[in-house]
Protein chains: 2
Amino acid sequence: MTLKIALAQLNLTVGDIEANCQKIIRTLNEARQVSADLVVFPELTVTGYPPEDLLFRQDFLAQSERAIQQILAHSHGITAIIGAPVQHQGQLYNAALALRDGHIVAEYHKQALPNYGVFDEQRYFTAGQQTQILSLKGLQIGLTVCEDIWQEGIIAANRQAGAELIVTLNASPFHAGKVHQREEVIAEQVKAAGIPLVYVNQVGGQDELIFDGASFALDQEGQLIFRAAEFTEQLNWLEWTDGRLQTSYIAPHYQPVVSEYQALILGIRDYVRKNGFKGAILGLSGGIDSALVLALAVDALGAEQVEVVLMPSRYTHDMSVEDAVLEADALGVKHHIIAIEPAVQAFNQMLAPVFAGSKTDTTEENIQARCRGVLLMALSNKQGKLLLTTGNKSEMSVGYATLYGDMAGGFAPLKDVSKLLVYEMARYRNTLSAVIPERVIIRPPSAELAPDQKDEDSLPPYDVLDPILALYVEQDKSASEIVALGYPRPAVERAISLVDRNEYKRRQSPPGIRITPRAFGRDRRYPISSGYRGIAELD
Amino acid sequence: MTLKIALAQLNLTVGDIEANCQKIIRTLNEARQVSADLVVFPELTVTGYPPEDLLFRQDFLAQSERAIQQILAHSHGITAIIGAPVQHQGQLYNAALALRDGHIVAEYHKQALPNYGVFDEQRYFTAGQQTQILSLKGLQIGLTVCEDIWQEGIIAANRQAGAELIVTLNASPFHAGKVHQREEVIAEQVKAAGIPLVYVNQVGGQDELIFDGASFALDQEGQLIFRAAEFTEQLNWLEWTDGRLQTSYIAPHYQPVVSEYQALILGIRDYVRKNGFKGAILGLSGGIDSALVLALAVDALGAEQVEVVLMPSRYTHDMSVEDAVLEADALGVKHHIIAIEPAVQAFNQMLAPVFAGSKTDTTEENIQARCRGVLLMALSNKQGKLLLTTGNKSEMSVGYATLYGDMAGGFAPLKDVSKLLVYEMARYRNTLSAVIPERVIIRPPSAELAPDQKDEDSLPPYDVLDPILALYVEQDKSASEIVALGYPRPAVERAISLVDRNEYKRRQSPPGIRITPRAFGRDRRYPISSGYRGIAELD
């Protein structure tokens with residue numbers, strides 16, 4: 001007996017049930033043309049993942065029901081395993097449905113509901129209680145959904161129930177290194193149970209999440225016998241013959257920095273596309289962050305969809321303007337130059353009576369940043385283009401950014417990219433073509449909001465700051481643990497106290513693309529009003 | 001046997017374990033002075049509620065452990081039941097701990113972990129599996145925490161285990177009508193089980209949540225025999241004699257609008273205090289929303305802590321400026337007048353070359369709103385005062401607000417207050433003293449960003465809009481259900497399509513005070529990138 005199994009690694013849109021439904025039907029037709037017997041789709045194919053509180057809407061669930069009926073009408077002569085929310089007796093399940101010849105021939109309810117990190121599935125779903133085997137041409141296929149196969153026991157239970165092959169529908173979000181972790185953990189589970197597995201992942205950007213695809217298959221020894229490409233839609237197929245999955249193509253993994261770069265491109269492209277923007281704009285300062293965001297935007301959208309604005313002030317070095325123009329020209333992007341001085345002067349004069357007698361402080365720096373925010377938002381509003389912010393994760397961590405100033409914008413591509421990684425990415429991008437002038441990479445970083453200002457005047461150097469931030473923010477290490485690891489105590493104190501007191505800024509920041517195991521967003525939920533001070537234990 | 005039970009309805013600060021610990025010890029000393037045998041504290045007394053992802057930090061949990069040791073040292077001759085997170089074998093529990101004479105004499109783990117609405121407890125805690133009875137002077141007391149007593153079975157299980165009295169530690173957030181619902185639901189449970197109950201609630205504002213206190217006690221028939229005041233810290237006591245709780249004082253409930261008004265005052269006061277601001281500022285437009293926010297701010301903080309700025313433009317009517325000055329004067333608040341024209345003109349001139357040939361649209365309106373945002377933030381930054389935004393829930397729903405303009409600010413008191421409720425509250429406030437000129441209440445609402453602009457030019461009238469929004473946003477009704485209820489289809493279409501497409505604005509809005517069963521915040525989690533269109537089913 002030979003069975004042809006297609007893996008539909010699709011880019012779906014949350015909430016756009018009609019479009020997702022049409023894509024599923026098109027994919028079924030394509031699979032039929034290569035005589036596939038079975039097509040496996042990602043988790044919650046019909047609604048996209050994660051649909052969040054749309055799942056509380058009965059009209060939304062009813063629309064999903066109708067889409068399933070539509071797909072059923074296109075299931076003649078082929079079996080589709082799709083993901084969808086299904087209701088039974090007032091309970092909602094995260095289901096895998098096997099459709100064939102107009103009938104639902106198997107229905108499985110996800111048993112392991114993740115409720116950590118970026119996941120809130122226990123908010124919506126009731127956990128299934130049993131395995132479900134689909135019989136196809138005599139082959140017994142165990143149905144599972146995502147988290148199920150990360151836990152002990154569910155693969156083994158399927159084997160006990162007679163499964164000869166595990167099929168799993170996924171919406172597994174990307175972070176750096178996740179693709180390796182995923183294959184390793186699941187290979188261990190497969191090896192222990194001695195049963196082959198076909199893993200289909202979603203691909204695409206959804207607000208702060210990136211789904212990286214990289215669908216794969218393992219034989220019963222846990223050996224990788226197939227891998228789909230990362231970060232792109234694909235329809236692949238595998239053969240089950242002679243009682244086993246036959247070895248197929250194995251797409252290579254991207255190298256670390258390349259992989260994150262690809263994730264950011266996909267994130268920008270999908271946010272622009274799924275939200276209907278007519279391209280993107282950004283402020284180009286001559287610094288490294290905006291230079292990288294420009295390169296990412298152009299790689300994601302094409303030069304003709306991107307526009308930049310240079311907004312020099314009295315503190316902007318000529319070199320910054322020159323470099324910014326070089327960057328725009330190197331990438332073939334249209335640029336505007338609007339000096340902010342007239343607006344800054346207007347505000348300073350308007351505020352003079354109220355501020356009489358008070359000292360100059362960061363207020364005046366913020367006014368400059370906010371004038372730029374007003375200009376960029378005006379261009380964004382007028383043209384229907386998405387304003388990209390250029391701040392990085394290091395800055396977001398310590399609040400080194402102006403709310404409604406450089407934080408103004410719809411999407412923050414570098415929100416989860418540390419400053420050190422910004423440099424790595426810039427260097428990587430220049431290996432493809434020289435688009436970021438070398439001196440932009442070499443110059444000491446500066447916000448240029450005051451005379452001869454440098455980031456290091458008020459922050460530890462980034463090669464000290466970034467590891468401290470990763471330990472504190474991503475790994476929940478305490479101040480004393482970080483000091484014990486050898487980081488200078490003043491730098492630890494400075495970094496941690498700034499992280500603690502800037503939660504209010506992060507709460508109003510635009511969404512960004514998650515590329516680490518813990519981004520500022522769904523997977524770091526901190527109170528704003530909080531008496532917690534990480535440095536208190538050092539006293 | 002007589003037992004004196006004290007109820008400590010405290011205002012705690014999330015994360016400020018040291019301050020919470022000192023407050024617990026002070027309260028124990030006070031209770032000792034009135035010869036109380038037992039003091040019952042709110043849920044998670046030591047950490048405050050909800051501590052959110054601070055619970056993932058081992059240093060935070062260790063600090064909480066140390067606080068418990070400190071409190072134990074003050075437990076001689078008295079029993080304290082406090083709430084705290086406790087760890088056992090890698091699992092975290094939401095616990096009620098009974099402390100007496102330096103020992104933990106009972107430890108209960110919350111069994112029912114809410115994971116809906118504003119609650120995420122399954123993200124953090126493992127559910128307890130058993131009841132826990134505390135024996136005090138021969139009285140058998142069943143320990144429970146919040147959600148436990150909303151569910152069938154746990155009170156009854158306590159009774160079966162020999163409990164003669166249920167004690168429950170709570171952090172039950174306010175919304176309009178919740179205080180009645182709470183007493184009714186729990187009275188039903190108590191009546192069914194035939195066992196008296198003592199309910200202690202937290203009080204205070206914590207970011208978007210308000211805890212309203214209103215602690216109470218019920219006899220075994222479910223009759224209310226005690227109620228503490230709402231919205232204020234209190235230490236009360238009850239007597240258990242002759243085998244029953246003795247009737248005590250019953251504080252009256254606030255009337256509906258008064259209750260919401262009190263919630264907003266508490267919310268503003270605690271946000272300012274817990275975040276260390278030196279008062280509050282706001283922009284006063286002469287419209288009803290800012291007039292109400294001013295009254296709330298003054299009632300919360302006192303006139304000397306509040307400052308207002310009038311920022312007229314060419315579209316501002318003289319009447320608006322006059323009324324704003326009247327409002328500030330009526331409340332004894334300092335005001336500044338800063339005309340925005342110079343900044344608006346500067347921006348228009350700076351943008352003229354880029355905008356040449358394009359039509360005037362909302363871009364120009366947004367520039368005005370953003371100039372005001374820059375001015376207000378400059379004053380906030382310079383003085384360390386919290387900038388309050390003045391937008392209401394109706395505006396937040398339909399996106400009738402400018403991001404980084406009138407949405408700029410640290411806290412949004414009216415974020416969950418519909419426009420119709422704004423009017424009700426304004427009228428209520430004027431019954432205490434006339435602070436909002438009558439014509440401000442009567443004039444048709446206008447953003448005054450264009451000549452003779454009125455809200456109703458682009459929105460349905462609020463008496464139509466607000467009920468539609470409540471049905472769609474708070475009750476998840478579908479477009480066709482709302483039309484079937486008699487609302488005009490064009491208004492339904494307009495309202496719903498605006499709600500759907502403005503999620504991105506809400507995501508960057510400041511936190512506000514939750515007073516309905518579903519606010520924009522923790523309890524409405526919608527994707528930004530979303531193809532869902534509520535009006536699609538009307539086609």
# chains A, B, ... in the order shown; residues from 1 in each chain; ligands from 1

call {"tool": "interface_residues", "arguments": {"of": "chain B", "to": "chain A", "cutoff": "7 Å", "atoms": "only C-alpha atoms", "output": "mmCIF file with N, CA, C and O atoms, in the first residue's frame"}}
result
data_model
loop_
_atom_site.group_PDB
_atom_site.id
_atom_site.type_symbol
_atom_site.label_atom_id
_atom_site.label_comp_id
_atom_site.auth_asym_id
_atom_site.auth_seq_id
_atom_site.Cartn_x
_atom_site.Cartn_y
_atom_site.Cartn_z
ATOM 1 N N THR B 13 -0.208 47.327 47.639
ATOM 2 C CA THR B 13 0.427 47.721 46.380
ATOM 3 C C THR B 13 1.123 46.511 45.772
ATOM 4 O O THR B 13 1.953 45.880 46.424
ATOM 5 N N VAL B 14 0.790 46.215 44.539
ATOM 6 C CA VAL B 14 1.425 45.080 43.869
ATOM 7 C C VAL B 14 2.936 45.263 43.866
ATOM 8 O O VAL B 14 3.443 46.332 43.537
ATOM 9 N N GLY B 15 3.623 44.218 44.284
ATOM 10 C CA GLY B 15 5.084 44.222 44.204
ATOM 11 C C GLY B 15 5.778 44.878 45.372
ATOM 12 O O GLY B 15 6.964 44.634 45.603
ATOM 13 N N ASP B 16 5.061 45.715 46.141
ATOM 14 C CA ASP B 16 5.708 46.413 47.258
ATOM 15 C C ASP B 16 5.577 45.566 48.517
ATOM 16 O O ASP B 16 4.857 45.908 49.463
ATOM 17 N N PRO B 51 -0.165 40.165 40.863
ATOM 18 C CA PRO B 51 1.266 40.422 40.666
ATOM 19 C C PRO B 51 1.758 40.088 39.263
ATOM 20 O O PRO B 51 2.891 40.391 38.916
ATOM 21 N N GLU B 52 0.899 39.445 38.461
ATOM 22 C CA GLU B 52 1.240 39.104 37.073
ATOM 23 C C GLU B 52 2.591 38.371 37.001
ATOM 24 O O GLU B 52 2.886 37.556 37.863
ATOM 25 N N ASP B 53 3.402 38.691 35.996
ATOM 26 C CA ASP B 53 4.616 37.899 35.746
ATOM 27 C C ASP B 53 5.724 38.094 36.778
ATOM 28 O O ASP B 53 6.752 37.411 36.700
ATOM 29 N N LEU B 54 5.519 38.988 37.741
ATOM 30 C CA LEU B 54 6.463 39.024 38.867
ATOM 31 C C LEU B 54 6.508 37.654 39.529
ATOM 32 O O LEU B 54 7.513 37.269 40.129
ATOM 33 N N ARG B 57 9.441 35.335 38.984
ATOM 34 C CA ARG B 57 10.760 35.699 39.498
ATOM 35 C C ARG B 57 11.016 35.010 40.840
ATOM 36 O O ARG B 57 10.305 35.244 41.809
ATOM 37 N N ASP B 59 13.459 35.716 42.855
ATOM 38 C CA ASP B 59 13.812 36.716 43.874
ATOM 39 C C ASP B 59 12.553 37.324 44.499
ATOM 40 O O ASP B 59 12.508 37.596 45.701
ATOM 41 N N ASN B 115 -9.389 31.826 34.947
ATOM 42 C CA ASN B 115 -8.538 32.074 33.777
ATOM 43 C C ASN B 115 -9.357 32.715 32.651
ATOM 44 O O ASN B 115 -9.134 32.437 31.487
ATOM 45 N N TYR B 116 -10.285 33.563 33.046
ATOM 46 C CA TYR B 116 -11.177 34.217 32.095
ATOM 47 C C TYR B 116 -11.180 35.711 32.418
ATOM 48 O O TYR B 116 -10.646 36.130 33.453
ATOM 49 N N GLN B 122 -4.246 30.477 35.782
ATOM 50 C CA GLN B 122 -3.668 29.197 35.366
ATOM 51 C C GLN B 122 -2.317 29.380 34.683
ATOM 52 O O GLN B 122 -1.581 28.416 34.469
ATOM 53 N N ARG B 123 -1.995 30.620 34.364
ATOM 54 C CA ARG B 123 -0.653 30.932 33.859
ATOM 55 C C ARG B 123 0.396 30.747 34.959
ATOM 56 O O ARG B 123 1.547 30.469 34.669
ATOM 57 N N GLN B 206 -5.425 49.279 41.033
ATOM 58 C CA GLN B 206 -4.201 48.633 40.561
ATOM 59 C C GLN B 206 -4.244 48.638 39.040
ATOM 60 O O GLN B 206 -4.914 47.808 38.433
ATOM 61 N N ASP B 207 -3.547 49.610 38.442
ATOM 62 C CA ASP B 207 -3.601 49.810 36.991
ATOM 63 C C ASP B 207 -5.057 49.923 36.546
ATOM 64 O O ASP B 207 -5.743 50.834 36.963
ATOM 65 N N TYR B 271 -3.495 55.461 41.223
ATOM 66 C CA TYR B 271 -2.511 55.430 40.128
ATOM 67 C C TYR B 271 -1.460 56.518 40.343
ATOM 68 O O TYR B 271 -0.267 56.292 40.168
ATOM 69 N N LYS B 274 0.570 55.392 43.716
ATOM 70 C CA LYS B 274 1.399 54.184 43.611
ATOM 71 C C LYS B 274 2.514 54.340 42.579
ATOM 72 O O LYS B 274 3.482 53.591 42.591
ATOM 73 N N ASN B 275 2.355 55.308 41.652
ATOM 74 C CA ASN B 275 3.407 55.535 40.664
ATOM 75 C C ASN B 275 4.239 56.780 40.962
ATOM 76 O O ASN B 275 5.065 57.178 40.143
ATOM 77 N N ILE B 338 -2.541 78.236 26.342
ATOM 78 C CA ILE B 338 -1.502 78.236 25.302
ATOM 79 C C ILE B 338 -2.179 77.970 23.964
ATOM 80 O O ILE B 338 -2.640 76.860 23.709
ATOM 81 N N PRO B 342 0.775 78.729 16.646
ATOM 82 C CA PRO B 342 2.161 78.808 16.147
ATOM 83 C C PRO B 342 2.735 77.438 15.770
ATOM 84 O O PRO B 342 3.367 77.294 14.720
ATOM 85 N N ALA B 343 2.492 76.427 16.588
ATOM 86 C CA ALA B 343 3.031 75.096 16.290
ATOM 87 C C ALA B 343 2.324 74.484 15.081
ATOM 88 O O ALA B 343 2.957 73.884 14.206
ATOM 89 N N ALA B 346 3.651 76.082 12.027
ATOM 90 C CA ALA B 346 5.014 75.604 11.753
ATOM 91 C C ALA B 346 4.958 74.249 11.049
ATOM 92 O O ALA B 346 5.608 74.046 10.023
ATOM 93 N N PHE B 347 4.162 73.348 11.582
ATOM 94 C CA PHE B 347 4.071 72.019 10.953
ATOM 95 C C PHE B 347 3.492 72.109 9.540
ATOM 96 O O PHE B 347 3.978 71.455 8.626
ATOM 97 N N MET B 350 6.154 73.342 7.295
ATOM 98 C CA MET B 350 7.216 72.348 7.115
ATOM 99 C C MET B 350 6.762 71.221 6.181
ATOM 100 O O MET B 350 7.553 70.651 5.439
ATOM 101 N N THR B 363 -5.594 64.264 8.391
ATOM 102 C CA THR B 363 -4.186 64.520 8.739
ATOM 103 C C THR B 363 -4.048 65.859 9.457
ATOM 104 O O THR B 363 -3.377 65.962 10.490
ATOM 105 N N ILE B 367 -2.855 66.783 13.296
ATOM 106 C CA ILE B 367 -1.711 67.648 13.646
ATOM 107 C C ILE B 367 -2.082 68.554 14.814
ATOM 108 O O ILE B 367 -1.309 68.740 15.747
ATOM 109 N N ARG B 370 -2.154 66.550 17.950
ATOM 110 C CA ARG B 370 -0.798 66.146 18.360
ATOM 111 C C ARG B 370 0.007 67.322 18.894
ATOM 112 O O ARG B 370 0.861 67.134 19.757
ATOM 113 N N VAL B 374 1.922 67.281 22.461
ATOM 114 C CA VAL B 374 3.309 67.675 22.729
ATOM 115 C C VAL B 374 3.358 68.664 23.900
ATOM 116 O O VAL B 374 4.189 68.546 24.802
ATOM 117 N N ALA B 378 5.001 67.970 27.565
ATOM 118 C CA ALA B 378 6.104 68.819 28.023
ATOM 119 C C ALA B 378 5.842 69.269 29.463
ATOM 120 O O ALA B 378 6.728 69.214 30.323
ATOM 121 N N ASN B 381 6.238 66.192 31.743
ATOM 122 C CA ASN B 381 7.656 65.864 31.934
ATOM 123 C C ASN B 381 8.337 66.856 32.869
ATOM 124 O O ASN B 381 9.074 66.471 33.763
ATOM 125 N N LYS B 382 8.083 68.134 32.643
ATOM 126 C CA LYS B 382 8.786 69.164 33.416
ATOM 127 C C LYS B 382 8.395 69.118 34.898
ATOM 128 O O LYS B 382 9.222 69.367 35.767
ATOM 129 N N TYR B 404 -1.348 59.613 19.905
ATOM 130 C CA TYR B 404 -0.274 60.577 20.230
ATOM 131 C C TYR B 404 -0.800 62.008 20.277
ATOM 132 O O TYR B 404 -0.017 62.940 20.427
ATOM 133 N N ASP B 476 -20.682 40.715 22.973
ATOM 134 C CA ASP B 476 -20.355 39.879 21.810
ATOM 135 C C ASP B 476 -21.552 39.579 20.911
ATOM 136 O O ASP B 476 -21.584 38.540 20.236
ATOM 137 N N SER B 478 -23.871 39.795 17.623
ATOM 138 C CA SER B 478 -23.528 39.948 16.212
ATOM 139 C C SER B 478 -24.283 41.128 15.618
ATOM 140 O O SER B 478 -25.285 41.599 16.177
ATOM 141 N N GLN B 508 -2.364 51.001 21.791
ATOM 142 C CA GLN B 508 -1.363 51.967 22.248
ATOM 143 C C GLN B 508 -1.953 53.014 23.198
ATOM 144 O O GLN B 508 -1.296 54.012 23.511
ATOM 145 N N SER B 509 -3.166 52.777 23.645
ATOM 146 C CA SER B 509 -3.768 53.762 24.546
ATOM 147 C C SER B 509 -3.259 53.536 25.968
ATOM 148 O O SER B 509 -2.835 52.451 26.319
ATOM 149 N N PRO B 510 -3.286 54.581 26.788
ATOM 150 C CA PRO B 510 -2.894 54.385 28.189
ATOM 151 C C PRO B 510 -3.903 53.494 28.910
ATOM 152 O O PRO B 510 -5.029 53.329 28.442
ATOM 153 N N ARG B 524 -10.357 42.208 27.158
ATOM 154 C CA ARG B 524 -10.766 42.153 25.749
ATOM 155 C C ARG B 524 -9.500 42.095 24.929
ATOM 156 O O ARG B 524 -8.836 43.102 24.716
ATOM 157 N N ARG B 525 -9.136 40.900 24.507
ATOM 158 C CA ARG B 525 -7.849 40.667 23.858
ATOM 159 C C ARG B 525 -8.087 40.336 22.399
ATOM 160 O O ARG B 525 -8.389 39.208 22.047
ATOM 161 N N TYR B 526 -7.996 41.357 21.574
ATOM 162 C CA TYR B 526 -8.275 41.181 20.151
ATOM 163 C C TYR B 526 -7.002 41.322 19.344
ATOM 164 O O TYR B 526 -6.113 42.096 19.688
ATOM 165 N N PRO B 527 -6.907 40.570 18.254
ATOM 166 C CA PRO B 527 -5.770 40.749 17.350
ATOM 167 C C PRO B 527 -5.870 42.096 16.641
ATOM 168 O O PRO B 527 -6.970 42.597 16.420
ATOM 169 N N ILE B 528 -4.726 42.693 16.299
ATOM 170 C CA ILE B 528 -4.735 43.894 15.448
ATOM 171 C C ILE B 528 -4.880 43.461 13.989
ATOM 172 O O ILE B 528 -5.801 43.872 13.299
ATOM 173 N N SER B 529 -3.954 42.616 13.539
ATOM 174 C CA SER B 529 -4.054 42.070 12.182
ATOM 175 C C SER B 529 -5.189 41.060 12.208
ATOM 176 O O SER B 529 -5.068 39.987 12.780
ATOM 177 N N SER B 530 -6.301 41.412 11.613
ATOM 178 C CA SER B 530 -7.460 40.539 11.703
ATOM 179 C C SER B 530 -8.382 40.766 10.523
ATOM 180 O O SER B 530 -8.709 41.904 10.189
ATOM 181 N N GLY B 531 -8.787 39.686 9.911
ATOM 182 C CA GLY B 531 -9.717 39.790 8.791
ATOM 183 C C GLY B 531 -11.164 39.741 9.227
ATOM 184 O O GLY B 531 -12.075 39.825 8.391
ATOM 185 N N TYR B 532 -11.415 39.598 10.532
ATOM 186 C CA TYR B 532 -12.802 39.540 11.010
ATOM 187 C C TYR B 532 -13.502 40.873 10.768
ATOM 188 O O TYR B 532 -12.978 41.924 11.124
#

call {"tool": "residues_around", "arguments": {"residues": "stretch 24-27 of chain B", "least_positions_apart": "4", "cutoff": "9 Å", "atoms": "only C-alpha atoms", "output": "compact mmCIF listing (two decimals) with N, CA, C and O atoms, in the first residue's frame"}}
result
# COMPACT_ATOMS: atom_id res chain seq x y z
N ALA B 8 -9.68 42.60 57.70
CA ALA B 8 -8.74 43.65 57.29
C ALA B 8 -8.90 43.95 55.80
O ALA B 8 -8.29 43.31 54.95
N LEU B 10 -7.82 45.88 53.20
CA LEU B 10 -6.64 46.72 53.02
C LEU B 10 -6.41 47.11 51.56
O LEU B 10 -6.79 46.38 50.64
N ALA B 19 6.25 47.19 52.02
CA ALA B 19 5.17 48.05 52.51
C ALA B 19 3.95 47.21 52.89
O ALA B 19 3.30 47.47 53.93
N ASN B 20 3.62 46.22 52.10
CA ASN B 20 2.48 45.36 52.42
C ASN B 20 2.72 44.63 53.74
O ASN B 20 1.81 44.50 54.56
N ALA B 31 -5.48 45.03 65.69
CA ALA B 31 -6.48 44.00 66.00
C ALA B 31 -6.24 43.43 67.40
O ALA B 31 -7.19 43.11 68.12
N ARG B 32 -4.97 43.35 67.75
CA ARG B 32 -4.63 42.85 69.08
C ARG B 32 -5.19 43.80 70.15
O ARG B 32 -5.65 43.37 71.20
N VAL B 39 -7.53 37.55 62.54
CA VAL B 39 -7.61 38.62 61.54
C VAL B 39 -7.54 37.99 60.15
O VAL B 39 -6.62 37.23 59.85
N PHE B 41 -7.20 38.56 56.15
CA PHE B 41 -6.67 39.52 55.16
C PHE B 41 -7.15 39.14 53.76
O PHE B 41 -7.67 38.06 53.55
N THR B 45 -2.21 38.88 50.02
CA THR B 45 -1.95 40.08 50.82
C THR B 45 -0.50 40.55 50.66
O THR B 45 -0.24 41.75 50.53
N VAL B 46 0.40 39.60 50.70
CA VAL B 46 1.82 39.94 50.78
C VAL B 46 2.33 40.58 49.49
O VAL B 46 3.09 41.54 49.52
N GLN B 70 8.70 37.48 58.69
CA GLN B 70 8.58 38.71 59.49
C GLN B 70 7.22 38.80 60.15
O GLN B 70 7.11 39.17 61.33
N ILE B 71 6.19 38.46 59.39
CA ILE B 71 4.82 38.53 59.93
C ILE B 71 4.64 37.48 61.03
O ILE B 71 4.03 37.76 62.07
N HIS B 74 5.32 38.44 64.43
CA HIS B 74 4.35 39.34 65.07
C HIS B 74 3.00 38.66 65.29
O HIS B 74 1.98 39.32 65.40
N SER B 75 3.01 37.33 65.34
CA SER B 75 1.74 36.61 65.42
C SER B 75 1.47 36.03 66.80
O SER B 75 0.63 35.14 66.95
N ILE B 82 -3.40 35.14 56.11
CA ILE B 82 -2.91 36.01 55.04
C ILE B 82 -2.85 35.23 53.72
O ILE B 82 -2.82 34.00 53.72
N LEU B 235 -10.76 48.35 59.08
CA LEU B 235 -10.57 47.18 59.94
C LEU B 235 -11.83 47.05 60.80
O LEU B 235 -12.13 47.92 61.61

call {"tool": "select_by_dssp", "arguments": {"residues": "stretch 221-283 of chain B", "states": "strand (DSSP E)", "output": "list in words"}}
result
Leu224, Ile225, Phe226, Arg227, Gln234, Leu235, Asn236, Trp237, Leu238, Glu239, Trp240, Thr241, Arg244, Leu245, Ala280, Ile281, Leu282 and Gly283 of chain B

call {"tool": "residues_around", "arguments": {"residues": "A:Arg443", "least_positions_apart": "3", "cutoff": "9 Å", "atoms": "only C-alpha atoms", "output": "ChimeraX atom specification"}}
result
/A:287-288,438-440,446

call {"tool": "write_last_selection", "arguments": {"atoms": "all heavy atoms", "output": "mmCIF file, in the first residue's frame"}}
result
data_model
loop_
_atom_site.group_PDB
_atom_site.id
_atom_site.type_symbol
_atom_site.label_atom_id
_atom_site.label_comp_id
_atom_site.auth_asym_id
_atom_site.auth_seq_id
_atom_site.Cartn_x
_atom_site.Cartn_y
_atom_site.Cartn_z
ATOM 1 N N GLY A 287 21.740 56.970 12.114
ATOM 2 C CA GLY A 287 22.188 55.981 13.107
ATOM 3 C C GLY A 287 21.971 54.564 12.588
ATOM 4 O O GLY A 287 21.331 54.344 11.556
ATOM 5 N N ILE A 288 22.461 53.619 13.366
ATOM 6 C CA ILE A 288 22.454 52.228 12.920
ATOM 7 C C ILE A 288 21.050 51.619 12.926
ATOM 8 O O ILE A 288 20.698 50.820 12.040
ATOM 9 C CB ILE A 288 23.427 51.397 13.804
ATOM 10 C CG1 ILE A 288 23.499 49.938 13.364
ATOM 11 C CG2 ILE A 288 23.034 51.435 15.257
ATOM 12 C CD1 ILE A 288 24.534 49.673 12.342
ATOM 13 N N GLU A 438 29.934 52.102 6.462
ATOM 14 C CA GLU A 438 30.729 51.528 7.538
ATOM 15 C C GLU A 438 30.787 52.452 8.764
ATOM 16 O O GLU A 438 30.710 52.009 9.905
ATOM 17 C CB GLU A 438 32.144 51.224 7.020
ATOM 18 C CG GLU A 438 33.031 50.456 7.985
ATOM 19 C CD GLU A 438 32.506 49.081 8.388
ATOM 20 O OE1 GLU A 438 31.673 48.511 7.639
ATOM 21 O OE2 GLU A 438 32.901 48.585 9.455
ATOM 22 N N ARG A 439 30.883 53.777 8.516
ATOM 23 C CA ARG A 439 31.022 54.662 9.693
ATOM 24 C C ARG A 439 29.748 54.723 10.537
ATOM 25 O O ARG A 439 29.790 55.058 11.706
ATOM 26 C CB ARG A 439 31.511 56.048 9.287
ATOM 27 C CG ARG A 439 30.539 56.875 8.483
ATOM 28 C CD ARG A 439 31.131 58.263 8.220
ATOM 29 N NE ARG A 439 30.197 59.081 7.448
ATOM 30 C CZ ARG A 439 30.479 60.301 7.004
ATOM 31 N NH1 ARG A 439 31.654 60.840 7.241
ATOM 32 N NH2 ARG A 439 29.565 60.988 6.316
ATOM 33 N N VAL A 440 28.609 54.367 9.935
ATOM 34 C CA VAL A 440 27.374 54.288 10.719
ATOM 35 C C VAL A 440 27.478 53.138 11.732
ATOM 36 O O VAL A 440 26.969 53.219 12.852
ATOM 37 C CB VAL A 440 26.157 54.069 9.788
ATOM 38 C CG1 VAL A 440 24.894 53.779 10.581
ATOM 39 C CG2 VAL A 440 25.955 55.283 8.892
ATOM 40 N N SER A 446 24.251 57.562 19.366
ATOM 41 C CA SER A 446 23.783 58.804 19.978
ATOM 42 C C SER A 446 22.353 59.097 19.548
ATOM 43 O O SER A 446 21.984 58.845 18.407
ATOM 44 C CB SER A 446 24.671 59.980 19.531
ATOM 45 O OG SER A 446 24.032 61.207 19.833
#

call {"tool": "residues_around", "arguments": {"residues": "B:Gln130", "least_positions_apart": "6", "cutoff": "8 Å", "atoms": "only C-alpha atoms", "output": "PyMOL selection string"}}
result
chain B and resi 108-109+111

call {"tool": "write_last_selection", "arguments": {"atoms": "N, CA and C atoms", "output": "JSON list (two decimals), in the first residue's frame"}}
result
[["chain", "number", "residue", "atom", "x", "y", "z"],
["B", 108, "TYR", "N", -3.66, 26.52, 53.05],
["B", 108, "TYR", "CA", -4.65, 26.11, 52.06],
["B", 108, "TYR", "C", -4.21, 26.58, 50.69],
["B", 109, "HIS", "N", -4.42, 25.74, 49.68],
["B", 109, "HIS", "CA", -4.10, 26.10, 48.30],
["B", 109, "HIS", "C", -5.38, 26.28, 47.49],
["B", 111, "GLN", "N", -8.23, 26.23, 45.05],
["B", 111, "GLN", "CA", -8.57, 25.13, 44.14],
["B", 111, "GLN", "C", -9.12, 25.61, 42.80]]
